[in-house]
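This is start.txt (compact mmCIF, N, CA, C and O atoms).
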# COMPACT_ATOMS: atom_id res chain seq x y z
N MET A 25 56.93 0.01 -65.34
CA MET A 25 55.80 0.02 -66.23
C MET A 25 55.13 -1.34 -66.24
O MET A 25 55.76 -2.36 -66.16
N SER A 26 53.89 -1.33 -66.38
CA SER A 26 53.11 -2.55 -66.44
C SER A 26 53.17 -3.14 -67.85
O SER A 26 53.22 -2.43 -68.84
N THR A 27 53.18 -4.45 -67.91
CA THR A 27 53.17 -5.11 -69.22
C THR A 27 51.75 -5.34 -69.69
O THR A 27 51.53 -5.88 -70.76
N ARG A 28 50.79 -4.94 -68.86
CA ARG A 28 49.38 -5.09 -69.20
C ARG A 28 49.02 -4.15 -70.34
O ARG A 28 49.41 -2.99 -70.35
N THR A 29 48.28 -4.66 -71.31
CA THR A 29 47.86 -3.78 -72.40
C THR A 29 46.63 -3.03 -71.98
O THR A 29 45.78 -3.51 -71.24
N ARG A 30 46.53 -1.80 -72.49
CA ARG A 30 45.38 -0.96 -72.16
C ARG A 30 44.28 -1.19 -73.18
O ARG A 30 44.55 -1.35 -74.36
N ARG A 31 43.06 -1.16 -72.73
CA ARG A 31 41.93 -1.30 -73.65
C ARG A 31 41.69 0.03 -74.34
O ARG A 31 41.99 1.09 -73.80
N PRO A 32 41.17 0.01 -75.54
CA PRO A 32 40.88 1.28 -76.23
C PRO A 32 39.81 2.07 -75.46
O PRO A 32 38.94 1.50 -74.81
N LEU A 33 39.89 3.38 -75.56
CA LEU A 33 38.91 4.24 -74.90
C LEU A 33 37.57 4.14 -75.62
O LEU A 33 37.52 4.02 -76.84
N THR A 34 36.51 4.23 -74.84
CA THR A 34 35.18 4.30 -75.46
C THR A 34 35.00 5.72 -75.98
O THR A 34 35.75 6.64 -75.63
N GLU A 35 34.00 5.93 -76.80
CA GLU A 35 33.71 7.26 -77.35
C GLU A 35 33.45 8.26 -76.23
O GLU A 35 33.94 9.38 -76.26
N GLN A 36 32.69 7.84 -75.23
CA GLN A 36 32.36 8.74 -74.11
C GLN A 36 33.63 9.11 -73.33
O GLN A 36 33.81 10.26 -72.95
N GLU A 37 34.51 8.13 -73.09
CA GLU A 37 35.76 8.41 -72.37
C GLU A 37 36.65 9.36 -73.18
O GLU A 37 37.29 10.25 -72.63
N MET A 38 36.68 9.18 -74.50
CA MET A 38 37.49 10.04 -75.35
C MET A 38 36.97 11.47 -75.35
O MET A 38 37.73 12.43 -75.25
N GLN A 39 35.65 11.63 -75.43
CA GLN A 39 35.07 12.97 -75.41
C GLN A 39 35.32 13.64 -74.06
O GLN A 39 35.59 14.85 -74.00
N SER A 40 35.25 12.87 -72.99
CA SER A 40 35.52 13.41 -71.66
C SER A 40 36.97 13.89 -71.57
O SER A 40 37.25 14.98 -71.05
N ALA A 41 37.90 13.11 -72.09
CA ALA A 41 39.31 13.50 -72.08
C ALA A 41 39.54 14.73 -72.94
O ALA A 41 40.29 15.64 -72.57
N GLU A 42 38.90 14.81 -74.10
CA GLU A 42 39.06 15.95 -75.00
C GLU A 42 38.53 17.24 -74.40
O GLU A 42 39.07 18.32 -74.67
N ARG A 43 37.48 17.16 -73.59
CA ARG A 43 36.93 18.36 -72.95
C ARG A 43 37.92 18.98 -71.97
O ARG A 43 37.84 20.16 -71.66
N ARG A 44 38.87 18.19 -71.47
CA ARG A 44 39.85 18.70 -70.51
C ARG A 44 41.03 19.38 -71.18
O ARG A 44 41.83 20.03 -70.50
N ILE A 45 41.18 19.28 -72.50
CA ILE A 45 42.34 19.83 -73.19
C ILE A 45 42.51 21.33 -72.94
O ILE A 45 43.61 21.76 -72.58
N PRO A 46 41.48 22.17 -73.09
CA PRO A 46 41.68 23.61 -72.83
C PRO A 46 42.14 23.89 -71.40
O PRO A 46 43.02 24.72 -71.18
N GLU A 47 41.58 23.19 -70.45
CA GLU A 47 41.96 23.37 -69.04
C GLU A 47 43.43 22.98 -68.82
O GLU A 47 44.19 23.72 -68.19
N LEU A 48 43.84 21.85 -69.39
CA LEU A 48 45.21 21.39 -69.24
C LEU A 48 46.20 22.32 -69.95
O LEU A 48 47.28 22.59 -69.44
N ALA A 49 45.81 22.83 -71.12
CA ALA A 49 46.68 23.74 -71.87
C ALA A 49 46.86 25.05 -71.11
O ALA A 49 47.98 25.58 -71.02
N ALA A 50 45.79 25.57 -70.53
CA ALA A 50 45.88 26.81 -69.76
C ALA A 50 46.77 26.62 -68.54
O ALA A 50 47.60 27.48 -68.22
N LYS A 51 46.61 25.51 -67.87
CA LYS A 51 47.43 25.22 -66.69
C LYS A 51 48.89 25.08 -67.08
O LYS A 51 49.79 25.60 -66.40
N ALA A 52 49.17 24.40 -68.19
CA ALA A 52 50.55 24.22 -68.64
C ALA A 52 51.19 25.56 -68.99
O ALA A 52 52.35 25.81 -68.66
N GLY A 53 50.44 26.43 -69.64
CA GLY A 53 50.96 27.76 -69.99
C GLY A 53 51.27 28.58 -68.75
O GLY A 53 52.31 29.23 -68.66
N PHE A 54 50.36 28.55 -67.78
CA PHE A 54 50.57 29.30 -66.54
C PHE A 54 51.76 28.74 -65.76
O PHE A 54 52.58 29.49 -65.23
N ASP A 55 51.86 27.40 -65.72
CA ASP A 55 52.99 26.78 -65.03
C ASP A 55 54.32 27.15 -65.68
O ASP A 55 55.31 27.40 -65.01
N ALA A 56 54.34 27.19 -67.02
CA ALA A 56 55.57 27.57 -67.75
C ALA A 56 55.93 29.01 -67.43
O ALA A 56 57.11 29.34 -67.24
N TYR A 57 54.95 29.88 -67.38
CA TYR A 57 55.16 31.29 -67.05
C TYR A 57 55.77 31.43 -65.66
O TYR A 57 56.77 32.12 -65.46
N ARG A 58 55.18 30.74 -64.67
CA ARG A 58 55.68 30.82 -63.30
C ARG A 58 57.09 30.23 -63.19
O ARG A 58 57.95 30.78 -62.51
N THR A 59 57.34 29.13 -63.88
CA THR A 59 58.65 28.49 -63.85
C THR A 59 59.70 29.41 -64.45
O THR A 59 60.81 29.52 -63.92
N THR A 60 59.36 30.09 -65.54
CA THR A 60 60.29 31.02 -66.17
C THR A 60 60.69 32.11 -65.20
O THR A 60 61.87 32.44 -65.06
N LEU A 61 59.73 32.68 -64.52
CA LEU A 61 60.03 33.74 -63.56
C LEU A 61 60.90 33.23 -62.41
O LEU A 61 61.84 33.90 -61.98
N LYS A 62 60.59 32.04 -61.91
CA LYS A 62 61.34 31.50 -60.77
C LYS A 62 62.76 31.12 -61.15
O LYS A 62 63.70 31.42 -60.42
N GLN A 63 62.92 30.44 -62.28
CA GLN A 63 64.24 29.92 -62.63
C GLN A 63 65.19 30.99 -63.17
O GLN A 63 66.37 30.97 -62.88
N THR A 64 64.68 31.89 -63.97
CA THR A 64 65.57 32.88 -64.58
C THR A 64 65.71 34.13 -63.72
O THR A 64 66.71 34.83 -63.84
N GLY A 65 64.72 34.41 -62.90
CA GLY A 65 64.76 35.64 -62.13
C GLY A 65 64.58 36.85 -63.01
O GLY A 65 64.72 37.97 -62.58
N GLY A 66 64.26 36.59 -64.27
CA GLY A 66 64.13 37.66 -65.24
C GLY A 66 62.72 38.18 -65.34
O GLY A 66 62.00 38.25 -64.34
N VAL A 67 62.37 38.55 -66.54
CA VAL A 67 61.06 39.12 -66.78
C VAL A 67 60.36 38.35 -67.89
O VAL A 67 60.99 37.63 -68.65
N THR A 68 59.05 38.50 -67.95
CA THR A 68 58.30 37.98 -69.08
C THR A 68 57.57 39.16 -69.70
O THR A 68 57.22 40.12 -69.02
N VAL A 69 57.34 39.05 -71.00
CA VAL A 69 56.59 40.08 -71.71
C VAL A 69 55.30 39.43 -72.16
O VAL A 69 55.30 38.34 -72.73
N LYS A 70 54.19 40.10 -71.87
CA LYS A 70 52.88 39.55 -72.22
C LYS A 70 51.91 40.66 -72.51
O LYS A 70 52.21 41.84 -72.28
N THR A 71 50.74 40.29 -73.03
CA THR A 71 49.70 41.29 -73.24
C THR A 71 48.73 41.21 -72.07
O THR A 71 48.47 40.15 -71.53
N SER A 72 48.22 42.37 -71.70
CA SER A 72 47.27 42.44 -70.60
C SER A 72 46.41 43.68 -70.78
O SER A 72 46.95 44.79 -70.86
N THR A 73 45.14 43.48 -70.89
CA THR A 73 44.16 44.57 -71.02
C THR A 73 44.55 45.61 -72.05
O THR A 73 44.59 46.81 -71.77
N GLY A 74 44.91 45.15 -73.25
CA GLY A 74 45.21 46.06 -74.34
C GLY A 74 46.58 46.71 -74.28
O GLY A 74 46.82 47.71 -74.94
N GLN A 75 47.47 46.14 -73.50
CA GLN A 75 48.83 46.69 -73.38
C GLN A 75 49.85 45.56 -73.43
O GLN A 75 49.55 44.44 -73.06
N VAL A 76 51.05 45.88 -73.90
CA VAL A 76 52.17 44.96 -73.79
C VAL A 76 52.89 45.35 -72.51
O VAL A 76 53.27 46.51 -72.33
N VAL A 77 53.03 44.40 -71.59
CA VAL A 77 53.63 44.69 -70.30
C VAL A 77 54.80 43.77 -70.02
O VAL A 77 54.87 42.65 -70.52
N GLU A 78 55.71 44.26 -69.21
CA GLU A 78 56.85 43.49 -68.74
C GLU A 78 56.56 43.17 -67.27
O GLU A 78 56.33 44.08 -66.48
N ARG A 79 56.54 41.90 -66.94
CA ARG A 79 56.23 41.51 -65.57
C ARG A 79 57.47 40.88 -64.94
O ARG A 79 58.07 39.98 -65.50
N ARG A 80 57.85 41.39 -63.77
CA ARG A 80 59.04 40.91 -63.07
C ARG A 80 58.67 39.89 -62.00
O ARG A 80 57.51 39.77 -61.61
N ARG A 81 59.68 39.21 -61.55
CA ARG A 81 59.49 38.17 -60.54
C ARG A 81 58.84 38.70 -59.27
O ARG A 81 58.06 38.02 -58.62
N ASP A 82 59.16 39.95 -58.90
CA ASP A 82 58.61 40.52 -57.66
C ASP A 82 57.15 40.95 -57.82
O ASP A 82 56.55 41.44 -56.87
N GLY A 83 56.59 40.81 -59.02
CA GLY A 83 55.20 41.17 -59.25
C GLY A 83 55.00 42.54 -59.85
O GLY A 83 53.88 42.91 -60.21
N SER A 84 56.08 43.31 -59.97
CA SER A 84 55.94 44.64 -60.56
C SER A 84 55.70 44.54 -62.06
O SER A 84 56.16 43.60 -62.72
N VAL A 85 54.98 45.51 -62.60
CA VAL A 85 54.60 45.51 -64.01
C VAL A 85 54.98 46.85 -64.61
O VAL A 85 54.73 47.90 -64.02
N THR A 86 55.60 46.80 -65.81
CA THR A 86 55.95 48.01 -66.54
C THR A 86 55.25 47.95 -67.89
O THR A 86 55.39 46.96 -68.62
N VAL A 87 54.50 48.99 -68.23
CA VAL A 87 53.82 49.05 -69.52
C VAL A 87 54.84 49.40 -70.59
O VAL A 87 55.54 50.41 -70.49
N ILE A 88 54.95 48.56 -71.62
CA ILE A 88 55.88 48.82 -72.72
C ILE A 88 55.19 49.63 -73.81
O ILE A 88 55.75 50.59 -74.32
N MET A 89 53.97 49.24 -74.15
CA MET A 89 53.22 50.00 -75.15
C MET A 89 51.74 49.65 -75.09
O MET A 89 51.36 48.60 -74.59
N ASN A 90 50.92 50.56 -75.57
CA ASN A 90 49.49 50.31 -75.70
C ASN A 90 49.23 49.69 -77.07
O ASN A 90 49.85 50.09 -78.06
N LEU A 91 48.32 48.75 -77.11
CA LEU A 91 47.98 48.11 -78.37
C LEU A 91 46.80 48.82 -79.01
O LEU A 91 45.89 49.28 -78.30
N PRO A 92 46.77 48.89 -80.35
CA PRO A 92 45.62 49.51 -81.00
C PRO A 92 44.38 48.63 -80.80
O PRO A 92 44.49 47.41 -80.64
N VAL A 93 43.22 49.27 -80.80
CA VAL A 93 41.98 48.53 -80.63
C VAL A 93 41.77 47.66 -81.87
O VAL A 93 41.88 48.13 -83.00
N GLY A 94 41.50 46.40 -81.64
CA GLY A 94 41.30 45.48 -82.76
C GLY A 94 39.87 45.51 -83.27
O GLY A 94 38.98 46.09 -82.66
N LYS A 95 39.68 44.88 -84.39
CA LYS A 95 38.35 44.78 -84.97
C LYS A 95 37.63 43.60 -84.34
O LYS A 95 38.16 42.50 -84.32
N ARG A 96 36.45 43.83 -83.83
CA ARG A 96 35.70 42.74 -83.22
C ARG A 96 35.11 41.85 -84.30
O ARG A 96 34.60 42.32 -85.31
N VAL A 97 35.22 40.55 -84.07
CA VAL A 97 34.71 39.57 -85.02
C VAL A 97 33.77 38.64 -84.26
O VAL A 97 34.11 38.13 -83.19
N LYS A 98 32.59 38.43 -84.82
CA LYS A 98 31.61 37.56 -84.18
C LYS A 98 32.11 36.12 -84.23
O LYS A 98 32.63 35.68 -85.27
N PRO A 99 32.01 35.36 -83.14
CA PRO A 99 32.45 33.97 -83.14
C PRO A 99 31.76 33.18 -84.26
O PRO A 99 30.58 33.36 -84.51
N GLY A 100 32.53 32.36 -84.92
CA GLY A 100 32.01 31.54 -86.01
C GLY A 100 32.14 32.18 -87.37
O GLY A 100 31.86 31.55 -88.40
N THR A 101 32.60 33.43 -87.41
CA THR A 101 32.77 34.12 -88.70
C THR A 101 33.92 33.48 -89.46
O THR A 101 34.98 33.21 -88.89
N VAL A 102 33.71 33.22 -90.74
CA VAL A 102 34.76 32.67 -91.59
C VAL A 102 35.46 33.84 -92.29
O VAL A 102 34.83 34.63 -92.98
N LEU A 103 36.76 33.96 -92.06
CA LEU A 103 37.54 35.02 -92.65
C LEU A 103 38.21 34.51 -93.91
O LEU A 103 38.70 33.39 -93.96
N LYS A 104 38.25 35.35 -94.95
CA LYS A 104 38.89 34.97 -96.21
C LYS A 104 39.99 35.96 -96.51
O LYS A 104 39.82 37.17 -96.32
N ARG A 105 41.10 35.45 -97.01
CA ARG A 105 42.24 36.29 -97.36
C ARG A 105 41.94 37.04 -98.66
O ARG A 105 41.49 36.45 -99.62
N VAL A 106 42.20 38.33 -98.68
CA VAL A 106 41.99 39.15 -99.87
C VAL A 106 43.26 39.07 -100.70
O VAL A 106 44.36 39.25 -100.21
N LYS A 107 43.10 38.82 -102.00
CA LYS A 107 44.27 38.70 -102.88
C LYS A 107 44.59 40.01 -103.54
O LYS A 107 43.84 40.87 -103.73
Would you mind writing the structure in this file as structure tokens?
Amino acid sequence: MSTRTRRPLTEQEMQSAERRIPELAAKAGFDAYRTTLKQTGGVTVKTSTGQVVERRRDGSVTVIMNLPVGKRVKPGTVLKRVK
């Protein structure tokens, strides 16, 4: 490790780094999924096109159940809990 101190990020550099968070999170999730399949040789359970599916290492998929159609919500809608 370098003993050199790092300068603080500028606002523009920070915003640029923050824009990459969704991309990095998606990649990390996919990498974890692939690693799980490779290391365990088992299965993963996930949702796909309105179904809960079991996906095996060989690529085969088994439908476990169909999910009910959800209520569509317009982006930006504020939801409040009913008491």
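The spacing separating CA of Ser72 (chain A) from atom O of Lys98 (chain A) amounts to 21.8 Å.
With atom N of Ala56 (chain A) on one side and CA of Thr86 (chain A) on the other, the separation reads 20.9 Å.
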Chain A: residues DSSP assigns to strand (DSSP E or B), reported as a PyMOL selection string: chain A and resi 67-72+75-80+85-90
Interatomic distance, CA of Asp55 (chain A) to CA of Glu37 (chain A) (Å, one decimal):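 Interatomic distance, CA of Asp55 (chain A) to CA of Glu37 (chain A): 26.2 Å.
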Contacts of Met89 (chain A) at 6 Å (all atoms listed in the file; same-chain gap of 5+ positions) as an MDAnalysis selection string: chainID A and resid 74:77
Backbone-only DSSP, alpha helix (DSSP H) members of region 36-106 of chain A, as an MDAnalysis selection string: chainID A and resid 36:43 45:64
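Candidate residues A:Ser84, A:Val102, A:Gly53, A:Val97 were compared for distance to Val67 (chain A), and the nearest is A:Ser84, using all atoms listed in the file.
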Residues near Arg58 (chain A), cut-off 12 Å, only C-alpha atoms, skip fewer than 2 positions along chain, as a ChimeraX atom specification: /A:51-56,60-68,79-83
So for region 39-53 of chain A, what box centre and size do we get, axis-aligned, 6 Å extra on each of the six sides, every listed atom, Å to one decimal, as JSON?
{"center_x": 43.7, "center_y": 20.4, "center_z": -70.9, "size_x": 29.3, "size_y": 29.6, "size_z": 21.0}
